[in-house]
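Data block for structure35.cif (mmCIF, C-alpha atoms):
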```
data_model
loop_
_atom_site.label_atom_id
_atom_site.label_comp_id
_atom_site.auth_asym_id
_atom_site.auth_seq_id
_atom_site.Cartn_x
_atom_site.Cartn_y
_atom_site.Cartn_z
CA MET P 12 15.24 -23.20 0.56
CA SER P 13 16.20 -20.93 3.42
CA ASN P 14 18.43 -17.90 3.00
CA SER P 15 20.94 -17.60 5.85
CA VAL P 16 22.21 -14.27 4.51
CA GLN P 17 19.89 -11.30 4.93
CA PRO P 18 19.34 -9.23 1.76
CA ASN P 19 20.69 -5.68 1.53
CA ILE P 20 17.69 -3.38 1.93
CA THR P 21 19.62 -0.11 2.17
CA THR P 22 20.27 0.54 -1.52
CA PRO P 23 17.49 2.31 -3.47
CA ILE P 24 15.69 -0.02 -5.87
CA VAL P 25 14.39 2.75 -8.12
CA ARG P 26 17.02 5.15 -9.48
CA ASP P 27 16.56 8.65 -8.08
CA ASP P 28 16.99 11.23 -10.86
CA LEU P 29 16.35 14.12 -8.43
CA GLY P 30 13.06 15.04 -10.09
CA GLN P 31 11.83 16.21 -6.69
CA THR P 32 14.39 19.05 -6.71
CA LEU P 33 12.46 20.88 -9.46
CA PRO P 34 10.13 23.55 -8.01
CA ASN P 35 7.21 22.63 -10.29
CA VAL P 36 7.52 18.95 -9.30
CA GLN P 37 7.70 19.82 -5.62
CA THR P 38 4.51 21.84 -5.95
CA GLY P 39 2.79 19.31 -8.20
CA LEU P 40 3.43 16.29 -5.99
CA GLY P 41 1.74 18.07 -3.11
CA PRO P 42 1.25 15.67 -0.18
CA LEU P 43 3.18 12.88 -1.94
CA LEU P 44 6.48 14.81 -1.86
CA GLY P 45 7.44 13.51 1.58
CA LEU P 46 7.45 9.92 0.36
CA VAL P 47 10.44 10.43 -1.94
CA GLY P 48 13.43 8.31 -0.96
CA ASN P 49 14.33 4.85 0.26
CA TRP P 50 12.57 3.28 3.25
CA ASN P 51 12.98 0.02 5.11
CA SER P 52 11.88 -1.77 8.26
CA PRO P 53 14.01 -3.54 10.91
CA GLN P 54 15.56 -6.87 9.91
CA GLY P 55 16.48 -8.12 13.37
CA ALA P 56 14.33 -10.99 14.67
CA SER P 57 13.45 -9.11 17.85
CA SER P 58 12.49 -5.89 16.08
CA GLN P 59 10.64 -6.87 12.88
CA SER P 60 7.67 -4.49 12.61
CA GLY P 61 5.66 -6.02 9.77
CA TYR P 62 2.94 -8.66 10.13
CA ASN P 63 1.04 -10.53 7.43
CA VAL P 64 -2.13 -12.65 7.46
CA MET P 65 -2.47 -14.58 4.23
CA PRO P 66 -5.35 -17.04 3.57
CA LEU P 67 -4.69 -19.55 0.79
CA PRO P 68 -6.83 -22.20 -0.93
CA GLN P 69 -5.68 -25.76 -0.17
CA ASP P 70 -7.85 -28.63 -1.40
CA ASN P 71 -6.59 -31.33 1.00
CA THR P 72 -7.62 -29.50 4.18
CA PRO P 73 -11.38 -30.23 4.52
CA ALA P 74 -11.22 -29.68 8.30
CA SER P 75 -10.77 -25.97 7.58
CA ASP P 76 -13.01 -25.87 4.49
CA ASN P 77 -10.01 -26.19 2.14
CA VAL P 78 -8.33 -23.01 3.37
CA ILE P 79 -5.04 -22.55 5.21
CA LEU P 80 -3.46 -19.51 6.84
CA ARG P 81 0.14 -18.40 6.50
CA ASN P 82 0.84 -15.74 9.10
CA PHE P 83 4.30 -14.34 9.78
CA HIS P 84 6.39 -11.29 10.57
CA TYR P 85 8.23 -9.66 7.70
CA TYR P 86 10.61 -6.86 6.78
CA GLU P 87 10.86 -4.89 3.56
CA GLU P 88 12.34 -2.14 1.44
CA MET P 89 10.37 0.47 -0.47
CA THR P 90 11.68 3.21 -2.76
CA PHE P 91 9.84 6.25 -4.18
CA SER P 92 11.32 8.32 -7.04
CA ALA P 93 9.91 11.48 -8.62
CA ILE P 94 10.02 11.95 -12.38
CA PRO P 95 11.27 15.39 -13.57
CA GLY P 96 7.91 16.56 -14.88
CA ASP P 97 4.28 15.51 -15.15
CA ALA P 98 2.01 13.49 -17.42
CA ALA P 99 -0.80 15.64 -18.83
CA ASN P 100 -4.23 14.27 -19.76
CA ARG P 101 -5.90 16.64 -22.23
CA GLY P 102 -9.66 16.89 -21.93
CA GLY P 103 -10.72 19.35 -24.65
CA ASP P 104 -11.58 22.27 -22.38
CA TYR P 105 -9.05 21.73 -19.57
CA GLN P 106 -6.34 19.23 -18.73
CA GLN P 107 -5.35 17.03 -15.82
CA ASN P 108 -1.72 17.00 -14.75
CA CYS P 109 -0.56 13.72 -13.20
CA TRP P 110 2.41 14.29 -10.89
CA VAL P 111 4.19 10.98 -10.51
CA LEU P 112 6.13 8.96 -7.96
CA PHE P 113 7.39 5.63 -9.26
CA TYR P 114 7.83 3.06 -6.50
CA GLU P 115 9.14 -0.45 -6.00
CA GLN P 116 8.64 -2.71 -3.00
CA ARG P 117 10.30 -5.97 -1.92
CA VAL P 118 9.13 -7.95 1.10
CA TYR P 119 11.04 -10.71 2.91
CA PHE P 120 9.86 -13.49 5.24
CA GLY P 121 10.61 -12.76 8.89
CA PHE P 122 12.03 -14.78 11.73
CA ASP P 123 8.91 -16.91 12.33
CA ALA P 124 8.53 -18.12 8.73
CA GLY P 125 10.61 -21.25 9.29
CA PRO P 126 13.01 -22.29 6.52
CA ALA P 127 11.72 -19.46 4.32
CA ALA P 128 13.11 -16.76 6.65
CA ASN P 129 15.01 -13.98 4.80
CA THR P 130 13.75 -15.06 1.38
CA LEU P 131 11.61 -12.91 -0.88
CA VAL P 132 7.86 -13.35 -0.33
CA HIS P 133 6.47 -10.43 -2.33
CA ALA P 134 7.50 -7.83 -4.90
CA GLU P 135 5.56 -5.13 -6.71
CA ASN P 136 6.02 -1.88 -8.51
CA GLY P 137 3.86 0.91 -9.82
CA ASP P 138 3.24 4.56 -9.14
CA TRP P 139 1.47 7.05 -6.94
CA LEU P 140 -0.16 10.03 -8.67
CA HIS P 141 -1.31 13.44 -7.49
CA LEU P 142 -3.96 14.72 -9.91
CA VAL P 143 -4.38 18.46 -10.48
CA ASN P 144 -6.79 19.94 -13.05
CA VAL P 145 -5.54 23.08 -14.80
CA GLN P 146 -6.11 25.22 -17.90
CA GLN P 147 -4.84 23.53 -21.07
CA ASP P 148 -1.36 24.30 -22.31
CA LYS P 149 -1.09 25.60 -25.85
CA GLY P 150 0.50 23.10 -28.21
CA ALA P 151 3.21 24.03 -30.71
CA THR P 152 0.76 23.91 -33.65
CA GLU P 153 -2.05 25.82 -31.94
CA ASN P 154 -2.82 29.47 -32.56
CA PRO P 155 -1.84 31.27 -29.35
CA ASN P 156 -4.46 33.93 -30.09
CA ASP P 157 -7.35 31.46 -30.05
CA PRO P 158 -9.36 31.73 -26.82
CA GLU P 159 -8.93 28.70 -24.56
CA PRO P 160 -12.34 27.14 -23.76
CA LEU P 161 -13.13 26.63 -20.11
CA PRO P 162 -15.94 24.65 -18.46
CA THR P 163 -18.93 26.65 -17.27
CA GLY P 164 -18.31 27.48 -13.64
CA GLY P 165 -14.56 27.01 -13.88
CA ILE P 166 -12.24 24.01 -13.73
CA PRO P 167 -13.40 21.28 -11.32
CA GLN P 168 -10.84 19.46 -9.21
CA PRO P 169 -10.76 15.64 -8.98
CA MET P 170 -12.95 13.98 -6.38
CA PHE P 171 -10.14 11.47 -5.80
CA PRO P 172 -6.81 13.25 -6.45
CA ILE P 173 -4.57 10.50 -5.00
CA VAL P 174 -4.01 7.38 -7.14
CA LYS P 175 -2.06 4.17 -6.60
CA GLN P 176 -1.40 1.97 -9.63
CA VAL P 177 -0.06 -1.47 -8.66
CA SER P 178 1.55 -4.22 -10.73
CA VAL P 179 1.93 -7.52 -8.84
CA PRO P 180 3.79 -10.41 -10.52
CA HIS P 181 1.12 -12.90 -9.49
CA GLY P 182 -0.76 -11.55 -12.50
CA ASN P 183 -2.78 -8.83 -10.75
CA SER P 184 -3.11 -5.18 -11.75
CA ILE P 185 -4.78 -2.72 -9.43
CA LEU P 186 -6.05 0.84 -9.77
CA ALA P 187 -6.96 2.41 -6.43
CA VAL P 188 -7.99 6.03 -5.93
CA GLY P 189 -8.68 8.21 -2.94
CA ASN P 190 -7.63 11.23 -0.93
CA ALA P 191 -5.01 12.67 1.39
CA THR P 192 -5.82 14.26 4.74
CA THR P 193 -3.67 15.76 7.50
CA GLY P 194 -3.73 15.55 11.26
CA THR P 195 -1.82 16.57 14.38
CA GLY P 196 -0.40 14.16 16.93
CA ALA P 197 -0.38 10.43 16.28
CA PRO P 198 -2.96 8.91 13.94
CA GLN P 199 -5.76 6.84 15.42
CA ILE P 200 -5.25 3.52 13.63
CA ALA P 201 -8.44 1.48 13.60
CA ASN P 202 -8.56 -2.27 14.17
CA ALA P 203 -8.43 -4.55 11.14
CA ASN P 204 -10.42 -7.78 10.92
CA THR P 205 -9.24 -10.84 9.00
CA ILE P 206 -12.26 -13.06 9.76
CA PRO P 207 -13.93 -14.03 6.45
CA THR P 208 -17.43 -12.78 5.66
CA GLY P 209 -20.28 -13.94 3.47
CA GLN P 210 -23.03 -16.56 3.35
CA GLY P 211 -20.55 -19.37 2.72
CA VAL P 212 -18.62 -19.04 5.99
CA THR P 213 -18.74 -22.41 7.76
CA SER P 214 -17.78 -23.52 11.26
CA ALA P 215 -14.88 -25.45 9.70
CA LEU P 216 -13.57 -22.24 8.16
CA LYS P 217 -14.04 -20.33 11.40
CA SER P 218 -11.94 -22.96 13.19
CA ILE P 219 -8.72 -21.39 11.86
CA TYR P 220 -9.89 -17.89 12.84
CA ASN P 221 -10.28 -18.34 16.61
CA ASN P 222 -13.63 -20.05 15.91
CA GLY P 223 -14.89 -16.76 14.51
CA VAL P 224 -14.53 -14.90 17.81
CA TYR P 225 -12.90 -11.54 17.18
CA ASP P 226 -10.10 -10.48 19.51
CA PRO P 227 -8.39 -7.15 18.68
CA ASN P 228 -5.33 -8.23 20.70
CA ASN P 229 -4.75 -11.25 18.45
CA LEU P 230 -2.37 -10.34 15.59
CA MET P 231 -3.87 -13.07 13.41
CA LEU P 232 -7.26 -11.35 13.65
CA ASN P 233 -6.06 -7.74 13.88
CA PRO P 234 -2.74 -7.22 12.05
CA ASN P 235 -3.06 -3.48 12.71
CA LYS P 236 -2.21 -4.23 16.33
CA ILE P 237 1.46 -4.22 15.30
CA LEU P 238 1.03 -0.58 14.21
CA GLN P 239 -0.96 0.33 17.29
CA ASP P 240 1.65 -1.26 19.58
CA HIS P 241 4.47 0.55 17.81
CA ILE P 242 2.81 3.92 18.38
CA GLU P 243 2.07 3.06 21.99
CA THR P 244 5.65 2.03 22.80
CA VAL P 245 7.72 4.42 20.64
CA ASN P 246 5.59 7.58 20.56
CA GLU P 247 7.43 9.56 23.24
CA GLY P 248 10.33 11.96 23.69
CA ASP P 249 12.11 12.87 20.46
CA LYS P 250 10.10 10.17 18.66
CA LEU P 251 6.76 11.74 19.55
CA ILE P 252 4.56 11.94 16.44
CA GLU P 253 3.69 15.59 15.96
CA SER P 254 1.74 15.41 12.69
CA TYR P 255 0.86 13.10 9.81
CA ILE P 256 -0.45 12.93 6.28
CA GLN P 257 -2.89 10.09 5.68
CA PHE P 258 -3.34 8.57 2.22
CA ASP P 259 -6.44 6.40 1.70
CA VAL P 260 -6.97 4.67 -1.65
CA SER P 261 -9.39 1.93 -2.67
CA SER P 262 -10.35 0.07 -5.82
CA LYS P 263 -13.98 0.68 -4.78
CA ASN P 264 -13.64 4.44 -5.20
CA GLY P 265 -14.31 6.30 -8.44
CA ASN P 266 -13.30 4.25 -11.46
CA GLY P 267 -10.89 2.00 -9.54
CA ASP P 268 -10.52 -1.60 -10.64
CA VAL P 269 -8.72 -4.92 -10.15
CA ARG P 270 -7.76 -7.29 -12.96
CA ASN P 271 -6.47 -10.88 -12.66
CA ILE P 272 -4.88 -13.36 -15.05
CA LEU P 273 -7.05 -16.41 -15.78
CA PHE P 274 -5.46 -18.71 -13.18
CA GLU P 275 -5.98 -16.18 -10.40
CA TYR P 276 -9.45 -15.33 -11.66
CA LYS P 277 -10.48 -19.00 -11.41
CA LYS P 278 -8.58 -20.05 -8.28
CA ALA P 279 -7.91 -17.08 -5.99
CA LYS P 280 -9.51 -13.99 -7.43
CA VAL P 281 -8.57 -10.59 -6.02
CA THR P 282 -11.80 -8.59 -5.95
CA ASP P 283 -10.87 -5.37 -4.15
CA PHE P 284 -7.88 -3.53 -2.72
CA HIS P 285 -7.61 -0.91 0.01
CA THR P 286 -4.58 0.68 1.64
CA THR P 287 -3.89 3.47 4.10
CA PHE P 288 -0.46 5.09 4.47
CA TRP P 289 0.46 7.38 7.34
CA LEU P 290 3.46 9.62 6.64
CA GLU P 291 4.38 10.82 10.12
CA THR P 292 6.67 13.66 11.24
CA LEU P 293 8.39 13.10 14.58
CA LYS P 294 9.45 15.68 17.15
CA ASP P 295 13.13 15.27 16.19
CA GLY P 296 12.29 16.20 12.58
CA THR P 297 12.60 12.68 11.16
CA LYS P 298 9.89 10.81 9.27
CA GLN P 299 8.14 7.50 9.80
CA LEU P 300 5.91 5.61 7.36
CA GLN P 301 3.19 3.24 8.52
CA TYR P 302 0.68 1.41 6.37
CA SER P 303 -2.10 -1.15 6.46
CA GLN P 304 -3.18 -2.94 3.29
CA THR P 305 -6.22 -5.15 2.73
CA ILE P 306 -6.71 -7.38 -0.30
CA GLU P 307 -10.15 -8.95 -0.65
CA MET P 308 -10.30 -12.35 -2.35
CA THR P 309 -12.59 -15.22 -3.25
CA PHE P 310 -11.47 -18.84 -3.75
CA ALA P 311 -12.80 -21.43 -6.19
CA ASP P 312 -13.95 -23.74 -3.35
CA ASN P 313 -15.46 -20.82 -1.40
CA PRO P 314 -17.16 -18.59 -3.99
CA ASN P 315 -19.58 -17.04 -1.48
CA VAL P 316 -16.89 -16.05 1.02
CA THR P 317 -14.75 -12.91 1.07
CA PHE P 318 -11.26 -13.48 2.48
CA TYR P 319 -9.01 -10.72 3.79
CA HIS P 320 -5.27 -10.77 3.14
CA ILE P 321 -3.98 -8.00 5.43
CA ASP P 322 -0.49 -6.77 6.13
CA ALA P 323 0.87 -3.83 8.10
CA ASN P 324 4.31 -2.39 8.75
CA THR P 325 6.32 0.59 10.01
CA LEU P 326 9.26 1.89 7.95
CA VAL P 327 11.90 4.55 8.40
CA PRO P 328 14.04 6.45 5.87
CA VAL P 329 17.36 4.89 4.92
CA ALA P 330 20.30 7.20 5.64
CA GLN P 331 21.51 8.98 2.52
CA ASP P 332 25.03 7.63 2.91
CA ALA P 333 23.95 4.01 3.46
#
```
Will you turn the file into structure tokens for me?
Amino acid sequence: MSNSVQPNITTPIVRDDLGQTLPNVQTGLGPLLGLVGNWNSPQGASSQSGYNVMPLPQDNTPASDNVILRNFHYYEEMTFSAIPGDAANRGGDYQQNCWVLFYEQRVYFGFDAGPAANTLVHAENGDWLHLVNVQQDKGATENPNDPEPLPTGGIPQPMFPIVKQVSVPHGNSILAVGNATTGTGAPQIANANTIPTGQGVTSALKSIYNNGVYDPNNLMLNPNKILQDHIETVNEGDKLIESYIQFDVSSKNGNGDVRNILFEYKKAKVTDFHTTFWLETLKDGTKQLQYSQTIEMTFADNPNVTFYHIDANTLVPVAQDA
């Protein structure tokens, strides 16, 4: 059923308890601090900045090897809230402090989704972590005069200090880890590629992907084009991107993982997850948030094929008095 009334995406979903105002939290969050707040993307049909390519298994479509594509523009709201402290992992000779941003995200079908326009298509929540290894704190029952053991050579820092933990109500849980880097000017956003890979890719399957011929100017094949076009058209004057922080996390890094409920495991198994966020500072002092997310999947009818569910969007902060 269609929704003729657009949802309100200006009210924070996650309650902000002002944890980010504490000096230790500000320091602990490090590069994640700038994400705090409520973000959304344009709702107007002519300005929607999100694009989604979503392959789905469909048994009565043999002409496309029992796969269909649902591609559409979308808009969304995303809220990040800092907790007023950290979560400490004790290791015996040093500890790891997890500085936490809880987040929630809701995504709505855009103008080209037919009767589904303005209805919810996706929701998720979870957290982003900044990991910092430090000397152990003394507990209340510990002798303060006992020497604190330290690893030989000092305390090592995490190889992957940025973590995204995702809970998706399809029955998927994701742990993705990675790093944050900085840059000046606008980020160079690489092309994405939605064309399936693997030994099981048939000509019938390729038929719904431009016959397998890659074209970076085709949104269906390169959803990142919507990010690239936004930078090309908006990146000037007061909206010139002066610097950015880039967050890259993947389930393939470190001890990352993806888990699926049994239905998903058998029918449409998520195998890996990757996302890149670009937190950009503009010349006028405002912020902009861009991201590209890739979910790798296999389907029951196509076990030797990797499918790529990719979406990308540009968001801006919601005014505090909205």
request  = Just the residues within 9 Å of range 239-243 of chain P, please, counting only C-alpha atoms, with nothing from its chain fewer than 5 positions along; format it as a PyMOL selection string.
outcome  = chain P and resi 60+197-202+251-252+325
task = Please provide as a VMD selection string all residues within 8 Å of Gln31 in chain P, with the sequence filter that same-chain residues fewer than 6 positions apart are discarded (counting all atoms listed in the file).
result = chain P and resid 37 44 47 92 to 95
Go ahead and save the picked residues with C-alpha atoms, as a short mmCIF file (atom, residue, chain, number, x, y, z; two decimals), keeping the file's coordinate frame.
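Generated output (again_1.cif):
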```cif
data_model
loop_
_atom_site.label_atom_id
_atom_site.label_comp_id
_atom_site.auth_asym_id
_atom_site.auth_seq_id
_atom_site.Cartn_x
_atom_site.Cartn_y
_atom_site.Cartn_z
CA GLN P 37 7.70 19.82 -5.62
CA LEU P 44 6.48 14.81 -1.86
CA VAL P 47 10.44 10.43 -1.94
CA SER P 92 11.32 8.32 -7.04
CA ALA P 93 9.91 11.48 -8.62
CA ILE P 94 10.02 11.95 -12.38
CA PRO P 95 11.27 15.39 -13.57
#
```
Determine the residue membership of the PyMOL selection byres ((chain P and resi 295) around 12) for the file above and supply it as an mmCIF file with C-alpha atoms, keeping the file's coordinate frame.
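Result file selection.cif:
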```
data_model
loop_
_atom_site.group_PDB
_atom_site.id
_atom_site.type_symbol
_atom_site.label_atom_id
_atom_site.label_comp_id
_atom_site.auth_asym_id
_atom_site.auth_seq_id
_atom_site.Cartn_x
_atom_site.Cartn_y
_atom_site.Cartn_z
ATOM 1 C CA ASN P 246 5.590 7.580 20.560
ATOM 2 C CA GLU P 247 7.430 9.560 23.240
ATOM 3 C CA GLY P 248 10.330 11.960 23.690
ATOM 4 C CA ASP P 249 12.110 12.870 20.460
ATOM 5 C CA LYS P 250 10.100 10.170 18.660
ATOM 6 C CA LEU P 251 6.760 11.740 19.550
ATOM 7 C CA ILE P 252 4.560 11.940 16.440
ATOM 8 C CA GLU P 253 3.690 15.590 15.960
ATOM 9 C CA SER P 254 1.740 15.410 12.690
ATOM 10 C CA GLU P 291 4.380 10.820 10.120
ATOM 11 C CA THR P 292 6.670 13.660 11.240
ATOM 12 C CA LEU P 293 8.390 13.100 14.580
ATOM 13 C CA LYS P 294 9.450 15.680 17.150
ATOM 14 C CA GLY P 296 12.290 16.200 12.580
ATOM 15 C CA THR P 297 12.600 12.680 11.160
ATOM 16 C CA LYS P 298 9.890 10.810 9.270
ATOM 17 C CA GLN P 299 8.140 7.500 9.800
#
```
ask   = In terms of the shortest atom-to-atom distance over all atoms listed in the file, which of P:Phe171, P:Trp139, P:Trp50, P:Tyr85 is closest to Gln116 in chain P?
value = P:Trp50
task = For the file shown, report as a PyMOL selection string the outcome of the PyMOL selection byres ((chain P and resi 145-154) around 12) at residue level.
result = chain P and resi 39+99-109+142-144+155-162+165-169
message = Rounded to one decimal, what separation in Å do you get between CA of Thr208 in chain P and CA of Val224 in chain P?
response =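 Calculated distance between CA of Thr208 in chain P and CA of Val224 in chain P is 12.7 Å.
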For the structure shown, which residues end up in the PyMOL selection byres ((chain P and resi 174) around 9)? Put them as an mmCIF file with C-alpha atoms, in the coordinates of the input, please?
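The resulting file, part06.cif, is reproduced below:
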```
data_model
loop_
_atom_site.group_PDB
_atom_site.id
_atom_site.type_symbol
_atom_site.label_atom_id
_atom_site.label_comp_id
_atom_site.auth_asym_id
_atom_site.auth_seq_id
_atom_site.Cartn_x
_atom_site.Cartn_y
_atom_site.Cartn_z
ATOM 1 C CA ASP P 138 3.240 4.560 -9.140
ATOM 2 C CA TRP P 139 1.470 7.050 -6.940
ATOM 3 C CA LEU P 140 -0.160 10.030 -8.670
ATOM 4 C CA HIS P 141 -1.310 13.440 -7.490
ATOM 5 C CA LEU P 142 -3.960 14.720 -9.910
ATOM 6 C CA PHE P 171 -10.140 11.470 -5.800
ATOM 7 C CA PRO P 172 -6.810 13.250 -6.450
ATOM 8 C CA ILE P 173 -4.570 10.500 -5.000
ATOM 9 C CA LYS P 175 -2.060 4.170 -6.600
ATOM 10 C CA GLN P 176 -1.400 1.970 -9.630
ATOM 11 C CA LEU P 186 -6.050 0.840 -9.770
ATOM 12 C CA ALA P 187 -6.960 2.410 -6.430
ATOM 13 C CA VAL P 188 -7.990 6.030 -5.930
ATOM 14 C CA GLY P 189 -8.680 8.210 -2.940
ATOM 15 C CA ASN P 190 -7.630 11.230 -0.930
ATOM 16 C CA VAL P 260 -6.970 4.670 -1.650
ATOM 17 C CA SER P 261 -9.390 1.930 -2.670
#
```
note = note - CA of Gly121 in chain P and CA of Pro73 in chain P are separated by 28.4 Å
key: Option closest in space to His84 in chain P, from P:Glu275, P:Asp283, P:Asp226, P:Asp123 [counting all atoms listed in the file]   = P:Asp123
Spatial sel., origin (-9.0, -13.9, 12.5), limit 8 Å, all atoms listed in the file, listed as a PDB file with C-alpha atoms, in the frame of the given file:
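The resulting out32.pdb:
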```pdb
ATOM      1  CA  ASN P 204     -10.420  -7.780  10.920  1.00  0.00           C
ATOM      2  CA  THR P 205      -9.240 -10.840   9.000  1.00  0.00           C
ATOM      3  CA  ILE P 206     -12.260 -13.060   9.760  1.00  0.00           C
ATOM      4  CA  PRO P 207     -13.930 -14.030   6.450  1.00  0.00           C
ATOM      5  CA  ILE P 219      -8.720 -21.390  11.860  1.00  0.00           C
ATOM      6  CA  TYR P 220      -9.890 -17.890  12.840  1.00  0.00           C
ATOM      7  CA  ASN P 221     -10.280 -18.340  16.610  1.00  0.00           C
ATOM      8  CA  GLY P 223     -14.890 -16.760  14.510  1.00  0.00           C
ATOM      9  CA  VAL P 224     -14.530 -14.900  17.810  1.00  0.00           C
ATOM     10  CA  TYR P 225     -12.900 -11.540  17.180  1.00  0.00           C
ATOM     11  CA  ASP P 226     -10.100 -10.480  19.510  1.00  0.00           C
ATOM     12  CA  ASN P 229      -4.750 -11.250  18.450  1.00  0.00           C
ATOM     13  CA  MET P 231      -3.870 -13.070  13.410  1.00  0.00           C
ATOM     14  CA  LEU P 232      -7.260 -11.350  13.650  1.00  0.00           C
ATOM     15  CA  ASN P 233      -6.060  -7.740  13.880  1.00  0.00           C
TER      16      ASN P 233
END
```
inquiry  = With only C-alpha atoms as the counted atoms, please give the residues lying no more than 8 Å from Gly48 in chain P, apart from itself and same-chain residues fewer than 5 positions off, as a list of chain:residue names.
reply    =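 The residues that qualify are P:Pro23, P:Asp27, P:Thr90, P:Phe91, P:Ser92, P:Pro328, P:Val329.
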key: Distance in Å - CA of Gln301 in chain P versus CA of Leu326 in chain P   = 6.2 Å
Contacts of Gly194 in chain P within 8 Å, all atoms listed in the file, excl. fewer than 5 positions in-chain, as a PDB file with C-alpha atoms, keeping the file's coordinate frame:
```pdb
ATOM      1  CA  SER P 254       1.740  15.410  12.690  1.00  0.00           C
ATOM      2  CA  TYR P 255       0.860  13.100   9.810  1.00  0.00           C
ATOM      3  CA  ILE P 256      -0.450  12.930   6.280  1.00  0.00           C
ATOM      4  CA  GLN P 257      -2.890  10.090   5.680  1.00  0.00           C
TER       5      GLN P 257
END
```
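The nearest approach to Pro42 in chain P among the residues P:Ala56, P:Val132, P:Ala191, P:Val327, with only C-alpha atoms taken into account, belongs to P:Ala191.
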task = Considering all atoms listed in the file, state which residue in the set P:Thr282, P:Thr192, P:Asn82, P:Asn324 is at the smallest distance from Met308 in chain P.
result = P:Thr282
ask   = So which residues touch Asn77 in chain P within 9 Å, counting only C-alpha atoms, skipping near sequence neighbours fewer than 3 positions away, as a ChimeraX atom specification?
value = /P:67-74,216,312-313
task = Find the residue from P:Val245, P:Leu290, P:Met89, P:Ile321 that sits nearest to Ile24 in chain P; use only C-alpha atoms when measuring.
result =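 Distance minimum relative to Ile24 in chain P lands on P:Met89.
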Check which residues of range 75-103 of chain P sit at most 10 Å from range 17-20 of chain P using all atoms listed in the file, and return one row each with the closest pair of atoms and their distance in Å to one decimal, ordered by chain and rising number, as a Markdown table.
```
| residue | atom | partner | partner_atom | distance |
| --- | --- | --- | --- | --- |
| P:Tyr86 | CA | P:Ile20 | CA | 9.3 |
| P:Glu87 | CA | P:Ile20 | CA | 7.2 |
| P:Glu88 | CA | P:Ile20 | CA | 5.5 |
| P:Met89 | CA | P:Ile20 | CA | 8.6 |
```
ask   = Out of P:Asn222, P:Phe258, P:Asn183, P:Val316, which residue has the shortest atom-to-atom distance to Leu273 in chain P when counting all atoms listed in the file?
value =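 Answer, going by the shortest atom-to-atom distance: P:Asn183.
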